[in-house]
file structure_25.csv (CSV, C-alpha atoms)
chain,number,residue,atom,x,y,z
A,1,GLY,CA,-3.6,14.1,-6.4
A,2,ASP,CA,-5.2,10.7,-6.1
A,3,SER,CA,-8.5,10.4,-7.9
A,4,VAL,CA,-11.1,8.1,-9.5
A,5,THR,CA,-13.0,8.9,-12.7
A,6,GLN,CA,-16.1,7.0,-13.8
A,7,MET,CA,-18.1,7.1,-17.0
A,8,GLU,CA,-21.0,9.5,-16.7
A,9,GLY,CA,-24.5,8.2,-16.3
A,10,PRO,CA,-27.3,7.6,-16.4
A,11,VAL,CA,-26.9,4.3,-18.2
A,12,THR,CA,-30.1,2.7,-19.4
A,13,LEU,CA,-30.2,-0.9,-20.5
A,14,SER,CA,-32.7,-3.5,-21.3
A,15,GLU,CA,-32.9,-6.6,-19.2
A,16,GLU,CA,-30.3,-9.3,-20.1
A,17,ALA,CA,-28.0,-6.7,-21.9
A,18,PHE,CA,-24.3,-6.6,-21.3
A,19,LEU,CA,-23.0,-4.0,-18.8
A,20,THR,CA,-19.7,-2.1,-18.7
A,21,ILE,CA,-19.1,0.8,-16.5
A,22,ASN,CA,-15.7,2.3,-17.0
A,23,CYS,CA,-13.4,3.4,-14.1
A,24,THR,CA,-9.9,4.8,-14.2
A,25,TYR,CA,-7.8,6.0,-11.4
A,26,THR,CA,-4.8,8.1,-10.5
A,27,ALA,CA,-2.9,7.1,-7.4
A,28,THR,CA,0.5,7.1,-5.8
A,29,GLY,CA,1.7,3.7,-5.0
A,30,TYR,CA,-0.5,0.6,-5.4
A,31,PRO,CA,-4.0,1.2,-4.2
A,32,SER,CA,-6.8,-1.3,-3.4
A,33,LEU,CA,-9.8,-0.9,-5.7
A,34,PHE,CA,-13.4,-1.3,-4.9
A,35,TRP,CA,-16.9,-1.2,-6.5
A,36,TYR,CA,-19.7,-0.2,-4.2
A,37,VAL,CA,-23.4,-0.2,-5.1
A,38,GLN,CA,-26.1,2.2,-3.6
A,39,TYR,CA,-29.8,1.4,-3.8
A,40,PRO,CA,-32.3,4.2,-3.4
A,41,GLY,CA,-32.4,5.5,0.2
A,42,GLU,CA,-29.7,3.1,1.4
A,43,GLY,CA,-26.1,3.2,2.2
A,44,LEU,CA,-23.3,1.7,0.1
A,45,GLN,CA,-22.8,-2.0,-0.1
A,46,LEU,CA,-19.4,-3.5,-1.1
A,47,LEU,CA,-19.9,-5.2,-4.4
A,48,LEU,CA,-16.4,-6.5,-5.1
A,49,LYS,CA,-12.7,-5.6,-4.6
A,50,ALA,CA,-9.2,-6.2,-5.8
A,51,THR,CA,-6.0,-5.6,-3.9
A,52,LYS,CA,-3.2,-6.0,-6.5
A,53,ALA,CA,-2.6,-5.9,-10.2
A,54,ASP,CA,-4.3,-8.6,-12.3
A,55,ASP,CA,-6.6,-9.6,-9.5
A,56,LYS,CA,-10.2,-10.1,-10.6
A,57,GLY,CA,-13.0,-9.3,-8.1
A,58,SER,CA,-16.3,-10.9,-8.7
A,59,ASN,CA,-19.7,-11.1,-7.0
A,60,LYS,CA,-23.4,-11.7,-8.0
A,61,GLY,CA,-22.3,-11.9,-11.7
A,62,PHE,CA,-20.4,-8.7,-11.6
A,63,GLU,CA,-16.6,-8.7,-12.4
A,64,ALA,CA,-13.8,-6.2,-12.5
A,65,THR,CA,-10.1,-6.7,-13.2
A,66,TYR,CA,-7.3,-4.5,-11.7
A,67,ARG,CA,-5.3,-3.3,-14.7
A,68,LYS,CA,-2.2,-1.6,-13.6
A,69,GLU,CA,-1.0,-0.8,-17.1
A,70,THR,CA,-4.1,1.1,-18.0
A,71,THR,CA,-4.9,2.2,-14.4
A,72,SER,CA,-8.4,0.8,-14.8
A,73,PHE,CA,-11.0,-1.2,-12.9
A,74,HIS,CA,-14.0,-1.5,-15.3
A,75,LEU,CA,-17.2,-3.1,-14.0
A,76,GLU,CA,-18.9,-5.7,-16.2
A,77,LYS,CA,-21.9,-8.0,-16.0
A,78,GLY,CA,-23.0,-10.3,-18.8
A,79,SER,CA,-26.7,-10.1,-18.3
A,80,VAL,CA,-28.3,-7.4,-16.2
A,81,GLN,CA,-31.6,-7.6,-14.3
A,82,VAL,CA,-34.1,-5.0,-13.3
A,83,SER,CA,-32.9,-5.5,-9.7
A,84,ASP,CA,-29.4,-4.3,-10.7
A,85,SER,CA,-30.8,-0.7,-11.1
A,86,ALA,CA,-28.8,1.4,-8.6
A,87,VAL,CA,-25.9,3.8,-8.5
A,88,TYR,CA,-22.4,2.2,-8.8
A,89,PHE,CA,-19.3,3.8,-7.3
A,90,CYS,CA,-15.7,3.0,-8.1
A,91,ALA,CA,-13.3,3.8,-5.2
A,92,LEU,CA,-9.7,3.3,-4.1
A,93,THR,CA,-7.8,3.3,-0.9
A,94,LEU,CA,-4.1,3.7,-0.6
A,95,ARG,CA,-1.7,1.2,0.8
A,96,GLY,CA,-1.6,3.0,4.2
A,97,GLY,CA,-5.3,2.5,4.5
A,98,GLY,CA,-7.7,5.2,5.7
A,99,LYS,CA,-10.1,7.1,3.5
A,100,LEU,CA,-11.8,5.9,0.4
A,101,ILE,CA,-11.6,8.1,-2.7
A,102,PHE,CA,-14.7,7.8,-4.8
A,103,GLY,CA,-15.6,8.4,-8.3
A,104,GLN,CA,-18.7,10.5,-9.0
A,105,GLY,CA,-21.0,7.4,-9.3
A,106,THR,CA,-22.8,6.0,-12.3
A,107,GLU,CA,-26.6,5.5,-12.3
A,108,LEU,CA,-27.8,2.3,-13.9
A,109,SER,CA,-31.4,1.9,-14.9
A,110,VAL,CA,-32.5,-1.5,-16.3
A,111,LYS,CA,-35.8,-1.7,-18.1
A,112,PRO,CA,-37.8,-4.9,-18.4
B,1,ASN,CA,-24.7,-9.7,13.4
B,2,ALA,CA,-25.6,-6.0,13.2
B,3,GLY,CA,-24.0,-3.8,10.6
B,4,VAL,CA,-23.0,-0.2,11.0
B,5,MET,CA,-25.9,1.6,12.7
B,6,GLN,CA,-26.5,5.3,12.2
B,7,ASN,CA,-29.2,7.4,13.8
B,8,PRO,CA,-31.2,9.2,13.2
B,9,ARG,CA,-32.1,8.3,9.7
B,10,HIS,CA,-33.6,11.7,9.0
B,11,LEU,CA,-32.8,14.9,10.9
B,12,VAL,CA,-34.4,18.3,10.3
B,13,ARG,CA,-32.8,21.4,11.7
B,14,ARG,CA,-33.3,25.1,11.4
B,15,ARG,CA,-30.5,27.4,10.4
B,16,GLY,CA,-28.3,28.2,13.4
B,17,GLN,CA,-29.1,25.0,15.3
B,18,GLU,CA,-26.8,22.1,16.1
B,19,ALA,CA,-26.9,18.7,14.4
B,20,ARG,CA,-25.6,15.6,16.1
B,21,LEU,CA,-25.2,12.4,14.0
B,22,ARG,CA,-24.4,9.1,15.7
B,23,CYS,CA,-22.7,6.0,14.4
B,24,SER,CA,-22.1,2.6,16.0
B,25,PRO,CA,-19.5,0.6,14.1
B,26,MET,CA,-19.8,-3.1,13.3
B,27,LYS,CA,-18.9,-5.4,16.1
B,28,GLY,CA,-15.1,-5.9,16.2
B,29,HIS,CA,-14.4,-2.7,14.2
B,30,SER,CA,-12.3,0.0,15.8
B,31,HIS,CA,-11.9,2.3,12.8
B,32,VAL,CA,-14.7,4.8,11.8
B,33,TYR,CA,-15.0,7.1,8.8
B,34,TRP,CA,-17.4,9.8,8.0
B,35,TYR,CA,-18.4,10.8,4.4
B,36,ARG,CA,-20.8,13.4,3.0
B,37,GLN,CA,-22.9,13.0,-0.1
B,38,LEU,CA,-24.3,16.2,-1.5
B,39,PRO,CA,-27.2,15.9,-4.0
B,40,GLU,CA,-26.2,14.5,-7.3
B,41,GLU,CA,-22.6,14.0,-6.2
B,42,GLY,CA,-20.4,11.2,-5.0
B,43,LEU,CA,-19.2,10.6,-1.5
B,44,LYS,CA,-16.5,12.9,-0.1
B,45,PHE,CA,-14.3,11.9,2.8
B,46,MET,CA,-14.6,14.0,5.9
B,47,VAL,CA,-12.8,12.3,8.9
B,48,TYR,CA,-11.2,9.0,10.0
B,49,LEU,CA,-11.1,8.1,13.7
B,50,GLN,CA,-10.0,5.3,15.9
B,51,LYS,CA,-11.0,5.0,19.5
B,52,GLU,CA,-10.3,8.3,21.1
B,53,ASN,CA,-8.1,9.5,18.3
B,54,ILE,CA,-8.6,11.5,15.1
B,55,ILE,CA,-6.3,9.9,12.5
B,56,ASP,CA,-7.2,12.1,9.4
B,57,GLU,CA,-9.5,15.1,9.3
B,58,SER,CA,-8.3,16.4,6.0
B,59,GLY,CA,-11.8,16.5,4.6
B,60,MET,CA,-13.5,18.2,7.5
B,61,PRO,CA,-14.5,21.9,7.1
B,62,LYS,CA,-12.4,24.0,9.4
B,63,GLU,CA,-15.3,25.6,11.2
B,64,ARG,CA,-18.5,24.3,12.8
B,65,PHE,CA,-17.7,20.6,12.2
B,66,SER,CA,-16.2,18.2,14.8
B,67,ALA,CA,-16.1,14.5,15.3
B,68,GLU,CA,-15.3,12.2,18.1
B,69,PHE,CA,-15.1,8.5,18.8
B,70,PRO,CA,-15.0,8.0,22.6
B,71,LYS,CA,-13.7,4.9,24.4
B,72,GLU,CA,-17.3,4.0,25.1
B,73,GLY,CA,-20.3,4.7,22.9
B,74,PRO,CA,-20.8,5.7,19.3
B,75,SER,CA,-18.9,8.0,17.1
B,76,ILE,CA,-20.5,11.5,16.9
B,77,LEU,CA,-20.4,14.0,14.1
B,78,ARG,CA,-21.4,17.4,15.3
B,79,ILE,CA,-22.3,20.4,13.1
B,80,GLN,CA,-22.8,23.6,14.9
B,81,GLN,CA,-24.8,26.6,13.6
B,82,VAL,CA,-26.0,24.7,10.6
B,83,VAL,CA,-26.5,26.4,7.3
B,84,ARG,CA,-28.6,25.4,4.2
B,85,GLY,CA,-25.4,24.1,2.5
B,86,ASP,CA,-25.0,21.5,5.2
B,87,SER,CA,-28.1,19.7,3.8
B,88,ALA,CA,-26.8,16.3,2.6
B,89,ALA,CA,-26.6,12.6,3.4
B,90,TYR,CA,-23.9,11.8,5.9
B,91,PHE,CA,-22.6,8.2,5.9
B,92,CYS,CA,-20.5,6.4,8.4
B,93,ALA,CA,-18.3,3.4,7.6
B,94,SER,CA,-16.3,1.1,9.8
B,95,SER,CA,-13.5,-1.4,9.3
B,96,GLN,CA,-11.4,-3.8,11.3
B,97,GLN,CA,-8.1,-2.2,10.6
B,98,GLY,CA,-7.2,0.7,8.2
B,99,GLY,CA,-9.7,-0.4,5.5
B,100,PHE,CA,-7.0,-1.5,3.1
B,101,GLY,CA,-7.3,-4.6,1.1
B,102,ASN,CA,-9.0,-7.5,2.9
B,103,GLN,CA,-10.5,-5.3,5.6
B,104,PRO,CA,-12.8,-3.1,3.5
B,105,GLN,CA,-15.1,-0.4,4.9
B,106,HIS,CA,-18.7,-1.3,5.6
B,107,PHE,CA,-21.3,1.5,5.4
B,108,GLY,CA,-24.4,2.4,7.4
B,109,ASP,CA,-27.6,3.6,5.8
B,110,GLY,CA,-26.8,7.2,6.4
B,111,THR,CA,-28.4,10.2,8.1
B,112,ARG,CA,-30.3,12.6,5.7
B,113,LEU,CA,-29.9,16.1,7.2
B,114,SER,CA,-32.3,18.8,6.0
B,115,ILE,CA,-31.8,22.4,7.0
B,116,LEU,CA,-34.9,24.6,6.9
call {"tool": "encode", "arguments": {"input": "structure_25.csv", "output": "structure tokens"}}
result
Amino acid sequence: GDSVTQMEGPVTLSEEAFLTINCTYTATGYPSLFWYVQYPGEGLQLLLKATKADDKGSNKGFEATYRKETTSFHLEKGSVQVSDSAVYFCALTLRGGGKLIFGQGTELSVKP
Amino acid sequence: NAGVMQNPRHLVRRRGQEARLRCSPMKGHSHVYWYRQLPEEGLKFMVYLQKENIIDESGMPKERFSAEFPKEGPSILRIQQVVRGDSAAYFCASSQQGGFGNQPQHFGDGTRLSIL
């Protein structure tokens, strides 16, 4: 079935380090792909999205490129800040719309 | 420009009671989704509704759980005869259309349900 797999956390980085969180998916058809971020005690916020192959989503210094050939949507940021500490979720939705299918989430902790 | 509003933020129930969770979608959104987040886990889809219709309830437990999205008023997720395993964060999301592509889902801050 359709699924999303993320690298396991927690990931601990120093401020200004480079971030990569791996995400791969299995889906029938051509899904839309999303990264959501969840800060403690809050709901999920949409971070970025991509709707077709080779699209690059970007927001707040984060980027991810929709790679159809490797079925991946890895999240990257060149220089993380303490305020980026949160849980990051990769997700997909299928072309017919409807439910989001989430990865298990990756906790990021950035130390000063 | 209010976002998705969920209430209550925290709900405590004793085993066997009923829990009612409410969700008002963003203005202009007619599609509502409910997700459950168990401790240390990701979000799992429960149900997808449009006004007065259930579109997909494939993630909803067969017993004790029900959802509605009436013509007027918020969407309601109801859990009857709650058990300890129902303790979780329940999130509502809404979208303009089916949530695909350029109409992504927007989430509320969730209801944390605790069962004593």
call {"tool": "atom_distance", "arguments": {"input": "structure_25.csv", "atom1": "CA of Ser72 in chain A", "atom2": "CA of Thr26 in chain A"}}
result
9.2 Å
call {"tool": "closest_residue", "arguments": {"input": "structure_25.csv", "among": "A:His74, A:Val11, A:Arg67, A:Lys111", "to": "Leu48 in chain A", "atoms": "only C-alpha atoms"}}
result
A:His74
call {"tool": "residues_around", "arguments": {"input": "structure_25.csv", "residues": "range 73-77 of chain B", "least_positions_apart": "4", "cutoff": "12 Å", "atoms": "only C-alpha atoms", "output": "count of residues only"}}
result
47
call {"tool": "closest_atom_pairs", "arguments": {"input": "structure_25.csv", "of": "chain A", "to": "chain B", "cutoff": "8 Å", "atoms": "all atoms listed in the file", "output": "Markdown table"}}
result
| residue | atom | partner | partner_atom | distance |
| --- | --- | --- | --- | --- |
| A:Ser32 | CA | B:Gly101 | CA | 5.6 |
| A:Gly41 | CA | B:Asp109 | CA | 7.6 |
| A:Glu42 | CA | B:Asp109 | CA | 4.9 |
| A:Gly43 | CA | B:Asp109 | CA | 3.9 |
| A:Leu44 | CA | B:Phe107 | CA | 5.7 |
| A:Gln45 | CA | B:Phe107 | CA | 6.7 |
| A:Leu46 | CA | B:His106 | CA | 7.1 |
| A:Lys49 | CA | B:Gly101 | CA | 7.9 |
| A:Ala50 | CA | B:Gly101 | CA | 7.3 |
| A:Thr51 | CA | B:Gly101 | CA | 5.3 |
| A:Phe89 | CA | B:Gly42 | CA | 7.8 |
| A:Thr93 | CA | B:Phe100 | CA | 6.3 |
| A:Leu94 | CA | B:Phe100 | CA | 7.0 |
| A:Arg95 | CA | B:Phe100 | CA | 6.4 |
| A:Gly96 | CA | B:Phe100 | CA | 7.1 |
| A:Gly97 | CA | B:Gly98 | CA | 4.5 |
| A:Gly98 | CA | B:Gly98 | CA | 5.2 |
| A:Lys99 | CA | B:Phe45 | CA | 6.4 |
| A:Leu100 | CA | B:Phe45 | CA | 6.9 |
| A:Ile101 | CA | B:Phe45 | CA | 7.2 |
| A:Phe102 | CA | B:Leu43 | CA | 6.2 |
| A:Gly103 | CA | B:Gly42 | CA | 6.5 |
| A:Gln104 | CA | B:Gly42 | CA | 4.4 |
| A:Gly105 | CA | B:Gly42 | CA | 5.8 |
call {"tool": "write_last_selection", "arguments": {"input": "structure_25.csv", "atoms": "C-alpha atoms", "output": "short mmCIF file (atom, residue, chain, number, x, y, z; two decimals), keeping the file's coordinate frame"}}
result
data_model
loop_
_atom_site.label_atom_id
_atom_site.label_comp_id
_atom_site.auth_asym_id
_atom_site.auth_seq_id
_atom_site.Cartn_x
_atom_site.Cartn_y
_atom_site.Cartn_z
CA SER A 32 -6.80 -1.30 -3.40
CA GLY A 41 -32.40 5.50 0.20
CA GLU A 42 -29.70 3.10 1.40
CA GLY A 43 -26.10 3.20 2.20
CA LEU A 44 -23.30 1.70 0.10
CA GLN A 45 -22.80 -2.00 -0.10
CA LEU A 46 -19.40 -3.50 -1.10
CA LYS A 49 -12.70 -5.60 -4.60
CA ALA A 50 -9.20 -6.20 -5.80
CA THR A 51 -6.00 -5.60 -3.90
CA PHE A 89 -19.30 3.80 -7.30
CA THR A 93 -7.80 3.30 -0.90
CA LEU A 94 -4.10 3.70 -0.60
CA ARG A 95 -1.70 1.20 0.80
CA GLY A 96 -1.60 3.00 4.20
CA GLY A 97 -5.30 2.50 4.50
CA GLY A 98 -7.70 5.20 5.70
CA LYS A 99 -10.10 7.10 3.50
CA LEU A 100 -11.80 5.90 0.40
CA ILE A 101 -11.60 8.10 -2.70
CA PHE A 102 -14.70 7.80 -4.80
CA GLY A 103 -15.60 8.40 -8.30
CA GLN A 104 -18.70 10.50 -9.00
CA GLY A 105 -21.00 7.40 -9.30
#
call {"tool": "atom_distance", "arguments": {"input": "structure_25.csv", "atom1": "CA of Ala17 in chain A", "atom2": "CA of Lys56 in chain A"}}
result
21.4 Å
call {"tool": "residues_near_point", "arguments": {"input": "structure_25.csv", "point": "(-12.0, 6.1, -13.8)", "cutoff": "12 Å", "atoms": "all atoms listed in the file", "output": "PDB file with C-alpha atoms, in the coordinates of the input"}}
result
ATOM      1  CA  ASP A   2      -5.200  10.700  -6.100  1.00  0.00           C
ATOM      2  CA  SER A   3      -8.500  10.400  -7.900  1.00  0.00           C
ATOM      3  CA  VAL A   4     -11.100   8.100  -9.500  1.00  0.00           C
ATOM      4  CA  THR A   5     -13.000   8.900 -12.700  1.00  0.00           C
ATOM      5  CA  GLN A   6     -16.100   7.000 -13.800  1.00  0.00           C
ATOM      6  CA  MET A   7     -18.100   7.100 -17.000  1.00  0.00           C
ATOM      7  CA  GLU A   8     -21.000   9.500 -16.700  1.00  0.00           C
ATOM      8  CA  ILE A  21     -19.100   0.800 -16.500  1.00  0.00           C
ATOM      9  CA  ASN A  22     -15.700   2.300 -17.000  1.00  0.00           C
ATOM     10  CA  CYS A  23     -13.400   3.400 -14.100  1.00  0.00           C
ATOM     11  CA  THR A  24      -9.900   4.800 -14.200  1.00  0.00           C
ATOM     12  CA  TYR A  25      -7.800   6.000 -11.400  1.00  0.00           C
ATOM     13  CA  THR A  26      -4.800   8.100 -10.500  1.00  0.00           C
ATOM     14  CA  ALA A  27      -2.900   7.100  -7.400  1.00  0.00           C
ATOM     15  CA  LEU A  33      -9.800  -0.900  -5.700  1.00  0.00           C
ATOM     16  CA  PHE A  34     -13.400  -1.300  -4.900  1.00  0.00           C
ATOM     17  CA  TRP A  35     -16.900  -1.200  -6.500  1.00  0.00           C
ATOM     18  CA  TYR A  66      -7.300  -4.500 -11.700  1.00  0.00           C
ATOM     19  CA  ARG A  67      -5.300  -3.300 -14.700  1.00  0.00           C
ATOM     20  CA  THR A  70      -4.100   1.100 -18.000  1.00  0.00           C
ATOM     21  CA  THR A  71      -4.900   2.200 -14.400  1.00  0.00           C
ATOM     22  CA  SER A  72      -8.400   0.800 -14.800  1.00  0.00           C
ATOM     23  CA  PHE A  73     -11.000  -1.200 -12.900  1.00  0.00           C
ATOM     24  CA  HIS A  74     -14.000  -1.500 -15.300  1.00  0.00           C
ATOM     25  CA  LEU A  75     -17.200  -3.100 -14.000  1.00  0.00           C
ATOM     26  CA  PHE A  89     -19.300   3.800  -7.300  1.00  0.00           C
ATOM     27  CA  CYS A  90     -15.700   3.000  -8.100  1.00  0.00           C
ATOM     28  CA  ALA A  91     -13.300   3.800  -5.200  1.00  0.00           C
ATOM     29  CA  LEU A  92      -9.700   3.300  -4.100  1.00  0.00           C
ATOM     30  CA  ILE A 101     -11.600   8.100  -2.700  1.00  0.00           C
ATOM     31  CA  PHE A 102     -14.700   7.800  -4.800  1.00  0.00           C
ATOM     32  CA  GLY A 103     -15.600   8.400  -8.300  1.00  0.00           C
ATOM     33  CA  GLN A 104     -18.700  10.500  -9.000  1.00  0.00           C
ATOM     34  CA  GLY A 105     -21.000   7.400  -9.300  1.00  0.00           C
ATOM     35  CA  THR A 106     -22.800   6.000 -12.300  1.00  0.00           C
TER      36      THR A 106
END
call {"tool": "residues_around", "arguments": {"input": "structure_25.csv", "residues": "Arg15 in chain B", "least_positions_apart": "3", "cutoff": "7 Å", "atoms": "all atoms listed in the file", "output": "PyMOL selection string"}}
result
chain B and resi 81-84+115-116
call {"tool": "atom_distance", "arguments": {"input": "structure_25.csv", "atom1": "CA of Ser58 in chain A", "atom2": "CA of Leu19 in chain A"}}
result
13.9 Å
call {"tool": "residues_around", "arguments": {"input": "structure_25.csv", "residues": "Val87 in chain A", "least_positions_apart": "5", "cutoff": "7 Å", "atoms": "only C-alpha atoms", "output": "ChimeraX atom specification"}}
result
/A:37-39,105-108
call {"tool": "closest_residue", "arguments": {"input": "structure_25.csv", "among": "A:Ala53, A:Phe18, A:Pro112, A:Tyr36", "to": "Lys77 in chain A", "atoms": "only C-alpha atoms"}}
result
A:Phe18
call {"tool": "build_atoms", "arguments": {"input": "structure_25.csv", "residues": "range 7-22 of chain A", "atoms": "N, CA, C and O atoms", "output": "PDB file, keeping the file's coordinate frame"}}
result
ATOM      1  N   MET A   7     -17.309   6.688 -15.860  1.00  0.00           N
ATOM      2  CA  MET A   7     -18.100   7.100 -17.000  1.00  0.00           C
ATOM      3  C   MET A   7     -19.388   7.792 -16.436  1.00  0.00           C
ATOM      4  O   MET A   7     -19.933   7.394 -15.402  1.00  0.00           O
ATOM      5  N   GLU A   8     -19.855   8.780 -17.156  1.00  0.00           N
ATOM      6  CA  GLU A   8     -21.000   9.500 -16.700  1.00  0.00           C
ATOM      7  C   GLU A   8     -22.284   8.694 -16.969  1.00  0.00           C
ATOM      8  O   GLU A   8     -22.379   7.957 -17.948  1.00  0.00           O
ATOM      9  N   GLY A   9     -23.263   8.875 -16.112  1.00  0.00           N
ATOM     10  CA  GLY A   9     -24.500   8.200 -16.300  1.00  0.00           C
ATOM     11  C   GLY A   9     -25.560   9.291 -16.739  1.00  0.00           C
ATOM     12  O   GLY A   9     -25.197  10.426 -17.029  1.00  0.00           O
ATOM     13  N   PRO A  10     -26.835   8.944 -16.707  1.00  0.00           N
ATOM     14  CA  PRO A  10     -27.300   7.600 -16.400  1.00  0.00           C
ATOM     15  C   PRO A  10     -27.112   6.638 -17.585  1.00  0.00           C
ATOM     16  O   PRO A  10     -27.075   7.060 -18.727  1.00  0.00           O
ATOM     17  N   VAL A  11     -26.967   5.378 -17.240  1.00  0.00           N
ATOM     18  CA  VAL A  11     -26.900   4.300 -18.200  1.00  0.00           C
ATOM     19  C   VAL A  11     -28.203   3.559 -18.192  1.00  0.00           C
ATOM     20  O   VAL A  11     -28.636   3.127 -17.127  1.00  0.00           O
ATOM     21  N   THR A  12     -28.830   3.441 -19.334  1.00  0.00           N
ATOM     22  CA  THR A  12     -30.100   2.700 -19.400  1.00  0.00           C
ATOM     23  C   THR A  12     -29.953   1.523 -20.322  1.00  0.00           C
ATOM     24  O   THR A  12     -29.494   1.660 -21.468  1.00  0.00           O
ATOM     25  N   LEU A  13     -30.295   0.358 -19.784  1.00  0.00           N
ATOM     26  CA  LEU A  13     -30.200  -0.900 -20.500  1.00  0.00           C
ATOM     27  C   LEU A  13     -31.453  -1.688 -20.443  1.00  0.00           C
ATOM     28  O   LEU A  13     -32.233  -1.525 -19.498  1.00  0.00           O
ATOM     29  N   SER A  14     -31.627  -2.567 -21.407  1.00  0.00           N
ATOM     30  CA  SER A  14     -32.700  -3.500 -21.300  1.00  0.00           C
ATOM     31  C   SER A  14     -32.255  -4.744 -20.547  1.00  0.00           C
ATOM     32  O   SER A  14     -31.053  -5.052 -20.488  1.00  0.00           O
ATOM     33  N   GLU A  15     -33.219  -5.420 -19.943  1.00  0.00           N
ATOM     34  CA  GLU A  15     -32.900  -6.600 -19.200  1.00  0.00           C
ATOM     35  C   GLU A  15     -32.136  -7.606 -20.084  1.00  0.00           C
ATOM     36  O   GLU A  15     -32.419  -7.741 -21.270  1.00  0.00           O
ATOM     37  N   GLU A  16     -31.147  -8.278 -19.493  1.00  0.00           N
ATOM     38  CA  GLU A  16     -30.300  -9.300 -20.100  1.00  0.00           C
ATOM     39  C   GLU A  16     -29.209  -8.649 -21.036  1.00  0.00           C
ATOM     40  O   GLU A  16     -28.434  -9.393 -21.651  1.00  0.00           O
ATOM     41  N   ALA A  17     -29.124  -7.340 -21.083  1.00  0.00           N
ATOM     42  CA  ALA A  17     -28.000  -6.700 -21.900  1.00  0.00           C
ATOM     43  C   ALA A  17     -26.729  -6.800 -21.102  1.00  0.00           C
ATOM     44  O   ALA A  17     -26.683  -7.074 -19.896  1.00  0.00           O
ATOM     45  N   PHE A  18     -25.636  -6.569 -21.858  1.00  0.00           N
ATOM     46  CA  PHE A  18     -24.300  -6.600 -21.300  1.00  0.00           C
ATOM     47  C   PHE A  18     -23.975  -5.206 -20.696  1.00  0.00           C
ATOM     48  O   PHE A  18     -24.267  -4.186 -21.312  1.00  0.00           O
ATOM     49  N   LEU A  19     -23.359  -5.205 -19.531  1.00  0.00           N
ATOM     50  CA  LEU A  19     -23.000  -4.000 -18.800  1.00  0.00           C
ATOM     51  C   LEU A  19     -21.545  -3.750 -18.751  1.00  0.00           C
ATOM     52  O   LEU A  19     -20.803  -4.670 -18.377  1.00  0.00           O
ATOM     53  N   THR A  20     -21.106  -2.545 -19.079  1.00  0.00           N
ATOM     54  CA  THR A  20     -19.700  -2.100 -18.700  1.00  0.00           C
ATOM     55  C   THR A  20     -19.838  -0.702 -18.165  1.00  0.00           C
ATOM     56  O   THR A  20     -20.471   0.179 -18.759  1.00  0.00           O
ATOM     57  N   ILE A  21     -19.228  -0.493 -17.024  1.00  0.00           N
ATOM     58  CA  ILE A  21     -19.100   0.800 -16.500  1.00  0.00           C
ATOM     59  C   ILE A  21     -17.585   1.079 -16.292  1.00  0.00           C
ATOM     60  O   ILE A  21     -16.905   0.361 -15.560  1.00  0.00           O
ATOM     61  N   ASN A  22     -17.089   2.077 -17.011  1.00  0.00           N
ATOM     62  CA  ASN A  22     -15.700   2.300 -17.000  1.00  0.00           C
ATOM     63  C   ASN A  22     -15.213   3.095 -15.746  1.00  0.00           C
ATOM     64  O   ASN A  22     -15.908   3.994 -15.260  1.00  0.00           O
TER      65      ASN A  22
END
